[in-house]
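Asks: Quick one: this structure, given as structure tokens, is what I'll be asking you about.
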Amino acid sequence: MDLKYDPRAIEAKWQKYWQESGIFKVTEDPEKEKYYLLEMFPYPSGKIHMGHVRNYTIGDVVGRYKRMKGFNVLHPMGWDAFGMPAENAAIANNIHPASWTYENIAYMRKQLKQLGFSYDWDRELATCTPEYYRWEQWLFLKMYEKGMAYRKESFVNWCEPCQTVLANEQVEAGMCWRCGKAVRQKKLWQWFFRITDYADDLLLHCDQLPGWPEKVTTMQKNWIGKSAGAEIRFAVEDSPEMITVFTTRPDTLFGATFMCLAPEHPLVTELSKGKKEEKAVAGFVERMSMQDRSAKALESYEKEGVFTGACCINPASGRKMPVYTANFALMEYGTGAVMSVPAHDQRDFEFAQKYGMEIIVVVRPEDKDLDVSAMTEAYAEPGIMVNSGQFDGMENETAKEEIISFLESREQGKKTVSFRLRDWGISRQRYWGAPIPVIHCESCGIVPVPEKDLPILLPEDADILEGGRSPLPYIDYFSKTDCPRCGRTDARRETDTMDTFVESSWYFDRYCSPGCDSGMFDRKAVDYWMPVDQYIGGVEHAILHLLYSRYFTRVLHDLGLIDCKEPFTRLLTQGMVCKETTSCPEHGFLFPSQVKWQEGNPACTLCDSPVTVGRVEKMSKSKKNVIDPNALLEEYGADTTRLFCLFAAPPERDLEWSDQGVDGSFRFLNRIWRLTADWLDDIRNVAPYNDAPENLDDSLRELYRKIHETIRKVGNDIEDRFRFNTAISAVMELINLMYGVEKENKSAHTDAVMRLGIESAVILLAPMVPHFSEEIRAELGYRESILLAPWPEYREDALVKDELTIVVQVNGKLRSRFDIRADADEETIKEKALADEKVQKFIEGKKLRKVIVARGKLVNIVV
RNA sequence: GCCUGGGUGGCGGAAUAGGUAGACGCAAGGGACUUAAAAUCCCUCGGGCCUUAGUGCCCGUACGAGUUCAAUUCUCGUCCCGGGCACCA
């Protein structure tokens, strides 16, 4: 055995062996229990970053562990390959999005292989290939048939100078990131998926996902946002129009004193037409269309509105209510109209004060009356009805039902529920995405592409136009086509492409039979593998990606294509990889390699200025606080890199990068290596000890127990808790103990127990540092891959202790401890504790009030 | 504003059923080996107190209360930090 641990030689050797032996290839095997392990596939952005390394390392440990436990493990990898960065790179570097993407894939695949991940590479897929997206187009057609895909008008961020649609992240403070000019909202006809049809079902099953972090299901529930209430219709004065509102507080109807419509509400323009307010209203609507509509932006705007010139009639009180249009009313939620009850809604209260609107109290606290003139805020609590006609005196919760019945009987409203969730807009006016397979015909309207014409290929000989515009509408051979229904020769192909979340909503199904060319997937394969048993990825996908995938799985289920309804049985959301930032007054943020140490202080390598060490933040290119995995692989190898990612923090928490910590992980592997090298001659031809512990002397017996305790702990930590950090520290303790074994005083079984110890340590670490473990196991004389070795089981009899240490507290404070036979009964333990010399000092002359004995651990004496 | 995590030594973290706070690692200090250094191995390592230096006492898990024989762990309140968000009518 080489005396020095040389990861580079070892890792290349075993990676080659795994690849050539095809050991990670799997097929459906009804004899074995399946385990589908999946990590979120990466966007091929250029190279692997530490977030990927962490995510995929965690997954790999689980995959290798389950494999050793005898499961048939499906562990695939692929590429989420459509998307905007490819277009941006194309513009910046004058390279085609396709070549950019495929080059990145090739490079990143190589990096993943260097990290030793146990993927079945035969199942690799890239979503930008026609073999993949043709089935997405096929599904679109099925969804269109069912009315699950439809078109409606909605808004996009539009940059006039660039003549292009912008993503939210391309809008910076209301301005276009490219030209810096103001962005406005433009209405376009776009494609949607009817996810709201499944809102109730998606919500209901949030409580049936016990393997998901509660935080994620809670976020999903809040996102779907079901609320019960009523729709109420208000007649508009001097007009045949009605305004319909949704409210969760029908009980406060008598207190509604004005109405607010969203600026985009169709009635806004109509109601103000020909009135003196018309100009002001039009100006307001125009101004609002310029505003950024994201939640955070809206948050910062002051609440404002203008009078439309029209009034409506409160169906309960008969009161005249002025109709306003206001920036806080959202067209997307409810009906786009809000009945405003200033006495019982804080936002309405503020709005009423600002514009001098009437405030009427209709719910009072049980113990007092509310005086409008003395109110400083709205009263939103439950209470007793007042000023509400026949409903006075009721509890407001009862009044909710009563008022709804009252409205229903007069056909002025009805009970209803509303969801916060909106339909999924999938249209993107972009090039690098899957074409939506429909044709627009002057005679026939929307005509779906016939199935036999799929796939609609994305032309790959086109270039992104100036300003980032999609070339698709300008490519004649693509966009000009014949109508498949009537044959008209002037039809136009749809040039919107699909949101990339569509690809990631079914890739896990495709992995089950990635080469399938007769459908989205092979039914037998998908029924065998799905659902995913363990899904692992960043918490940033907690809502959208996971919700869309759950939705797609339901759609596939209801189309009769798949058995399961929930795609992911267990979910692990891992934390971010963070590092402190470093910056120089002259050069701004610095990469770690741009910082040198001068007399114990950090300095800039470019200008020698002292460097400021900033907060620990998520690694990001813009802050330059990044570590390049390549450099780590070069210096320490894959096993050390993996080990540190696992050891530094539990998976769901953020991980703080530490160069010295990496060094420590490397030292640990070296320590095992040396221990093995040191003992190899003694243990090479010895069988690992596997007898009763009684035949061992005290210190060996202690080691034997430690070995089995470690086996138990590592298994539990991986299996139940994904606590790789504590699993590793348990093995460290075992190694530390073995370092204390002296060869000089060897007894009959020393070699056998040492062999067991080393063998166990290595096998327990095999999922985490696979190359290292394979190598040592080979040195110990095994011919087969460690992957084929069964996961070790602990012996109960080795864990048994003759003596237990009991600690003694007096009034809850630790005062003494003693050892006692493990089979001693409670009374004996109690007596021994009371008789203890140190304990005596504290209880002498005092009255014993209580003595508590806790299961073989502790005695607490209360005096 | 709403939702959601989190606060434990110089640092990352541990404490799995309310029962010995600080496992393991990093950093630091000391020692051994060496001509020397590196590497390695061993020891110390939360704070304070003491004319008994100990198998000693007190304090200590963001802060303040509470429940309990016993709280890092459970309850309530406060402060601070991170993440998400589409004004939830």
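Chain lettering (A, B, ...) mirrors the order of the structure tokens, residue numbering begins at 1 for each chain separately, and ligand numbering begins at 1 in order of display.
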Please determine the contact residues of chain A with respect to chain B at a cut-off of 7 Å, counting only C-alpha atoms (C1' of nucleotides), and supply them as a VMD selection string.

Replies: chain A and resid 215 219 247 294 to 295 298 to 299 328 338 420 648 to 649 660 to 661 664 729 732 807 811 to 812 852 854 858 860 862

Asks: Write the residues of the selection above to a file with N, CA and C atoms, as a PDB file, in the first residue's frame.

Replies:
ATOM      1  N   LYS A 215     -42.527  23.605   6.119  1.00  0.00           N
ATOM      2  CA  LYS A 215     -42.369  24.970   5.615  1.00  0.00           C
ATOM      3  C   LYS A 215     -42.768  25.064   4.129  1.00  0.00           C
ATOM      4  N   MET A 219     -45.968  27.053   2.580  1.00  0.00           N
ATOM      5  CA  MET A 219     -45.800  28.085   1.565  1.00  0.00           C
ATOM      6  C   MET A 219     -46.730  27.817   0.373  1.00  0.00           C
ATOM      7  N   THR A 247     -65.809  39.362  -1.539  1.00  0.00           N
ATOM      8  CA  THR A 247     -65.404  39.789  -0.206  1.00  0.00           C
ATOM      9  C   THR A 247     -65.425  38.620   0.757  1.00  0.00           C
ATOM     10  N   SER A 294     -44.976  44.098  -9.621  1.00  0.00           N
ATOM     11  CA  SER A 294     -44.570  43.042  -8.693  1.00  0.00           C
ATOM     12  C   SER A 294     -45.018  43.404  -7.276  1.00  0.00           C
ATOM     13  N   ALA A 295     -45.170  42.383  -6.467  1.00  0.00           N
ATOM     14  CA  ALA A 295     -45.686  42.564  -5.110  1.00  0.00           C
ATOM     15  C   ALA A 295     -44.853  43.547  -4.327  1.00  0.00           C
ATOM     16  N   LEU A 298     -45.366  47.126  -5.551  1.00  0.00           N
ATOM     17  CA  LEU A 298     -46.674  47.625  -5.151  1.00  0.00           C
ATOM     18  C   LEU A 298     -46.674  47.999  -3.667  1.00  0.00           C
ATOM     19  N   GLU A 299     -45.927  47.218  -2.910  1.00  0.00           N
ATOM     20  CA  GLU A 299     -45.807  47.442  -1.479  1.00  0.00           C
ATOM     21  C   GLU A 299     -45.355  48.860  -1.165  1.00  0.00           C
ATOM     22  N   PHE A 328     -54.475  49.817  -5.360  1.00  0.00           N
ATOM     23  CA  PHE A 328     -54.315  48.600  -4.563  1.00  0.00           C
ATOM     24  C   PHE A 328     -55.336  47.525  -4.936  1.00  0.00           C
ATOM     25  N   VAL A 338     -63.367  45.969  -5.274  1.00  0.00           N
ATOM     26  CA  VAL A 338     -63.356  45.826  -3.828  1.00  0.00           C
ATOM     27  C   VAL A 338     -64.438  46.708  -3.235  1.00  0.00           C
ATOM     28  N   ARG A 420     -56.181  32.593  -4.507  1.00  0.00           N
ATOM     29  CA  ARG A 420     -55.143  33.544  -4.817  1.00  0.00           C
ATOM     30  C   ARG A 420     -54.348  33.059  -6.039  1.00  0.00           C
ATOM     31  N   ALA A 648     -19.725  20.105   7.014  1.00  0.00           N
ATOM     32  CA  ALA A 648     -19.734  21.480   7.533  1.00  0.00           C
ATOM     33  C   ALA A 648     -21.082  21.921   8.100  1.00  0.00           C
ATOM     34  N   ALA A 649     -22.157  21.312   7.677  1.00  0.00           N
ATOM     35  CA  ALA A 649     -23.481  21.718   8.174  1.00  0.00           C
ATOM     36  C   ALA A 649     -24.494  20.645   7.800  1.00  0.00           C
ATOM     37  N   GLN A 660     -10.034  26.294   5.628  1.00  0.00           N
ATOM     38  CA  GLN A 660      -9.362  25.472   6.641  1.00  0.00           C
ATOM     39  C   GLN A 660     -10.176  24.231   6.961  1.00  0.00           C
ATOM     40  N   GLY A 661     -11.494  24.378   6.858  1.00  0.00           N
ATOM     41  CA  GLY A 661     -12.355  23.223   7.079  1.00  0.00           C
ATOM     42  C   GLY A 661     -12.122  22.153   6.027  1.00  0.00           C
ATOM     43  N   GLY A 664      -9.178  20.307   6.918  1.00  0.00           N
ATOM     44  CA  GLY A 664      -9.462  19.365   7.996  1.00  0.00           C
ATOM     45  C   GLY A 664     -10.057  18.076   7.457  1.00  0.00           C
ATOM     46  N   SER A 729     -18.834  12.650  12.047  1.00  0.00           N
ATOM     47  CA  SER A 729     -18.123  12.852  13.313  1.00  0.00           C
ATOM     48  C   SER A 729     -18.097  11.565  14.124  1.00  0.00           C
ATOM     49  N   MET A 732     -15.235   9.736  12.863  1.00  0.00           N
ATOM     50  CA  MET A 732     -14.014  10.378  13.372  1.00  0.00           C
ATOM     51  C   MET A 732     -13.696   9.893  14.778  1.00  0.00           C
ATOM     52  N   VAL A 807     -25.526  10.118  36.933  1.00  0.00           N
ATOM     53  CA  VAL A 807     -25.166  11.427  37.473  1.00  0.00           C
ATOM     54  C   VAL A 807     -26.196  11.810  38.531  1.00  0.00           C
ATOM     55  N   ASN A 811     -31.293  19.388  43.725  1.00  0.00           N
ATOM     56  CA  ASN A 811     -32.073  20.541  43.275  1.00  0.00           C
ATOM     57  C   ASN A 811     -31.734  20.945  41.839  1.00  0.00           C
ATOM     58  N   GLY A 812     -31.543  19.942  41.013  1.00  0.00           N
ATOM     59  CA  GLY A 812     -31.328  20.228  39.599  1.00  0.00           C
ATOM     60  C   GLY A 812     -29.898  20.596  39.239  1.00  0.00           C
ATOM     61  N   ILE A 852     -36.013  11.808  42.243  1.00  0.00           N
ATOM     62  CA  ILE A 852     -36.429  11.335  40.909  1.00  0.00           C
ATOM     63  C   ILE A 852     -35.295  10.518  40.299  1.00  0.00           C
ATOM     64  N   ALA A 854     -34.158   8.827  36.768  1.00  0.00           N
ATOM     65  CA  ALA A 854     -34.479   8.802  35.334  1.00  0.00           C
ATOM     66  C   ALA A 854     -33.711   7.693  34.644  1.00  0.00           C
ATOM     67  N   LEU A 858     -29.797   9.265  35.531  1.00  0.00           N
ATOM     68  CA  LEU A 858     -29.720  10.429  36.398  1.00  0.00           C
ATOM     69  C   LEU A 858     -30.592  10.286  37.633  1.00  0.00           C
ATOM     70  N   ASN A 860     -32.186  12.895  40.579  1.00  0.00           N
ATOM     71  CA  ASN A 860     -32.300  14.276  41.053  1.00  0.00           C
ATOM     72  C   ASN A 860     -32.915  14.255  42.446  1.00  0.00           C
ATOM     73  N   VAL A 862     -34.355  16.372  45.533  1.00  0.00           N
ATOM     74  CA  VAL A 862     -34.899  17.690  45.855  1.00  0.00           C
ATOM     75  C   VAL A 862     -34.994  17.825  47.361  1.00  0.00           C
TER      76      VAL A 862
END

Asks: Name the residues of segment 573-771 of chain A that fall into alpha helix (DSSP H) according to DSSP on the backbone, using the chain letters and numbers of this document, as a PyMOL selection string.

Replies: chain A and resi 629-635+638-647+659-683+698-716+724-739+750-765+770-771

Asks: Using atom CA of Cys578 of chain A and atom CA of Val616 of chain A as the two end points, give the distance in Å to one decimal.

Replies: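 Taking atom CA of Cys578 of chain A and atom CA of Val616 of chain A, their separation equals 6.1 Å.
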
Asks: What does the distance from atom CA of Ile711 of chain A to atom CA of Ser21 of chain A come to in Å, to one decimal?

Replies: 28.6 Å

Asks: Please provide the set of residues having any atom within 7 Å of Met498 of chain A, restricted to only C-alpha atoms (C1' of nucleotides), with same-chain residues fewer than 6 positions apart removed, written as a compact mmCIF listing (two decimals) with all heavy atoms, in the first residue's frame.

Replies:
# COMPACT_ATOMS: atom_id res chain seq x y z
N ILE A 426 -47.95 30.48 -19.84
CA ILE A 426 -46.77 29.75 -20.36
C ILE A 426 -46.19 30.38 -21.62
O ILE A 426 -45.19 29.92 -22.15
CB ILE A 426 -47.12 28.27 -20.67
CG1 ILE A 426 -48.24 28.20 -21.72
CG2 ILE A 426 -47.50 27.53 -19.41
CD1 ILE A 426 -48.11 26.98 -22.61
N SER A 427 -46.82 31.41 -22.16
CA SER A 427 -46.29 32.05 -23.38
C SER A 427 -45.03 32.85 -23.08
O SER A 427 -45.00 33.61 -22.13
CB SER A 427 -47.32 33.02 -23.95
OG SER A 427 -48.23 32.36 -24.79
N ARG A 428 -44.04 32.65 -23.91
CA ARG A 428 -42.85 33.50 -23.84
C ARG A 428 -42.57 33.99 -25.25
O ARG A 428 -42.51 33.17 -26.18
CB ARG A 428 -41.64 32.71 -23.31
CG ARG A 428 -41.79 32.20 -21.88
CD ARG A 428 -41.80 33.33 -20.86
NE ARG A 428 -41.95 32.84 -19.50
CZ ARG A 428 -43.11 32.65 -18.87
NH1 ARG A 428 -44.24 32.93 -19.51
NH2 ARG A 428 -43.15 32.21 -17.64
N GLY A 433 -36.77 28.28 -26.71
CA GLY A 433 -37.76 27.53 -25.95
C GLY A 433 -38.50 26.60 -26.89
O GLY A 433 -38.29 26.62 -28.11
N ALA A 434 -39.39 25.80 -26.32
CA ALA A 434 -40.14 24.85 -27.14
C ALA A 434 -41.30 25.55 -27.84
O ALA A 434 -42.13 26.17 -27.17
CB ALA A 434 -40.66 23.71 -26.27
N PRO A 435 -41.38 25.46 -29.17
CA PRO A 435 -42.48 26.13 -29.90
C PRO A 435 -43.85 25.57 -29.46
O PRO A 435 -43.99 24.37 -29.23
CB PRO A 435 -42.20 25.78 -31.36
CG PRO A 435 -40.74 25.50 -31.42
CD PRO A 435 -40.40 24.88 -30.10
N ILE A 436 -44.81 26.46 -29.37
CA ILE A 436 -46.17 26.06 -29.04
C ILE A 436 -46.84 25.60 -30.33
O ILE A 436 -46.89 26.36 -31.31
CB ILE A 436 -46.93 27.23 -28.39
CG1 ILE A 436 -46.30 27.57 -27.04
CG2 ILE A 436 -48.42 26.89 -28.23
CD1 ILE A 436 -46.86 28.80 -26.36

Asks: Hey, what's within 8 Å of Ala326 of chain A if we count only C-alpha atoms (C1' of nucleotides) and toss same-chain stuff fewer than 2 positions away? As a list in words, please?

Replies: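 The filter keeps Cys260, Leu261, Ala262, Pro263, Lys303, Glu304, Gly305, Val306, Tyr324, Phe328 and Ala329 of chain A.
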
Asks: Write out, as a compact mmCIF listing (two decimals), in the first residue's frame, the residues just selected, with N, CA and C atoms.

Replies:
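The result, written out as selection.txt:
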# COMPACT_ATOMS: atom_id res chain seq x y z
N CYS A 260 -63.90 50.35 -4.91
CA CYS A 260 -62.64 50.56 -5.64
C CYS A 260 -62.49 49.54 -6.75
N LEU A 261 -62.18 50.01 -7.93
CA LEU A 261 -61.94 49.13 -9.07
C LEU A 261 -60.46 49.15 -9.44
N ALA A 262 -59.96 48.01 -9.90
CA ALA A 262 -58.59 47.98 -10.40
C ALA A 262 -58.49 48.89 -11.61
N PRO A 263 -57.33 49.53 -11.82
CA PRO A 263 -57.21 50.45 -12.96
C PRO A 263 -57.51 49.78 -14.30
N LYS A 303 -50.95 54.33 -1.33
CA LYS A 303 -52.28 53.98 -1.82
C LYS A 303 -52.94 55.24 -2.39
N GLU A 304 -53.38 55.13 -3.62
CA GLU A 304 -54.03 56.30 -4.21
C GLU A 304 -55.12 55.85 -5.17
N GLY A 305 -56.01 56.78 -5.46
CA GLY A 305 -57.10 56.47 -6.36
C GLY A 305 -57.75 57.75 -6.87
N VAL A 306 -58.63 57.62 -7.87
CA VAL A 306 -59.40 58.77 -8.34
C VAL A 306 -60.87 58.38 -8.50
N TYR A 324 -64.46 54.47 -7.09
CA TYR A 324 -63.09 54.93 -7.35
C TYR A 324 -62.35 53.89 -8.17
N PHE A 328 -54.47 49.82 -5.36
CA PHE A 328 -54.32 48.60 -4.56
C PHE A 328 -55.34 47.53 -4.94
N ALA A 329 -56.29 47.87 -5.81
CA ALA A 329 -57.24 46.85 -6.27
C ALA A 329 -56.58 46.10 -7.44

Asks: Could you tell me, as a VMD selection string, which residues of segment 120-270 of chain A DSSP assigns to strand (DSSP E or B) when given the backbone?

Replies: chain A and resid 126 149 to 159 164 to 166 171 to 172 175 to 176 182 184 to 193 211 226 to 236 242 to 247 258 to 261

Asks: Counting only C-alpha atoms (C1' of nucleotides), what is within 9 Å of Ser227 of chain A, bar same-chain residues fewer than 6 positions away, as a list in words?

Replies: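 Non-adjacent residues within range: Thr248, Thr416, Val417, Ser418, Phe419 and Arg420 of chain A; C88 of chain B.
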
Asks: Write to file, as a compact mmCIF listing (two decimals), in the first residue's frame, the residues of the selection just made, with N, CA, C and O atoms (P, O5', C5', C4', C3', O3' and C1' of nucleotides).

Replies:
# COMPACT_ATOMS: atom_id res chain seq x y z
N THR A 248 -64.47 38.65 1.71
CA THR A 248 -64.48 37.63 2.77
C THR A 248 -65.27 38.15 3.96
O THR A 248 -65.43 37.46 4.95
N THR A 416 -69.35 32.02 -2.19
CA THR A 416 -68.34 31.55 -3.13
C THR A 416 -66.97 31.46 -2.46
O THR A 416 -66.79 31.93 -1.34
N VAL A 417 -66.05 30.78 -3.12
CA VAL A 417 -64.67 30.79 -2.63
C VAL A 417 -63.80 31.43 -3.68
O VAL A 417 -64.14 31.44 -4.87
N SER A 418 -62.68 31.94 -3.26
CA SER A 418 -61.78 32.57 -4.19
C SER A 418 -60.37 32.04 -3.92
O SER A 418 -60.04 31.73 -2.78
N PHE A 419 -59.60 31.91 -4.96
CA PHE A 419 -58.22 31.48 -4.80
C PHE A 419 -57.28 32.59 -5.19
O PHE A 419 -57.56 33.38 -6.09
N ARG A 420 -56.18 32.59 -4.51
CA ARG A 420 -55.14 33.54 -4.82
C ARG A 420 -54.35 33.06 -6.04
O ARG A 420 -53.81 33.84 -6.82
P C B 88 -53.40 42.19 0.53
O5' C B 88 -54.62 41.24 0.83
C5' C B 88 -55.77 41.29 -0.01
C4' C B 88 -56.36 39.92 -0.09
C3' C B 88 -56.37 39.21 1.26
O3' C B 88 -57.59 38.54 1.37
C1' C B 88 -55.14 37.93 -0.34

Asks: May I have the residues within 12 Å of G47 of chain B as a list in words, using only C-alpha atoms (C1' of nucleotides) and disregarding those fewer than 6 positions away in the same chain?

Replies: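 The neighbour list is G9, C58, C59 and G60 of chain B.
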
Asks: Within 12 Å of G66 of chain B, counting only C-alpha atoms (C1' of nucleotides), which residues show up once you throw out same-chain ones fewer than 3 positions away? Write them as a PyMOL selection string, please.

Replies: chain B and resi 71+74-77

Asks: Quick one: pull the distance between atom CA of Phe521 of chain A and atom CA of Lys32 of chain A, Å, one decimal.

Replies: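 We find that atom CA of Phe521 of chain A and atom CA of Lys32 of chain A lie 21.5 Å from each other.
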
Asks: Using only C-alpha atoms, which of the listed residues (A:Ile776, A:Ala399, A:Leu756, A:Val285) sits closest to Pro792 of chain A?

Replies: A:Leu756
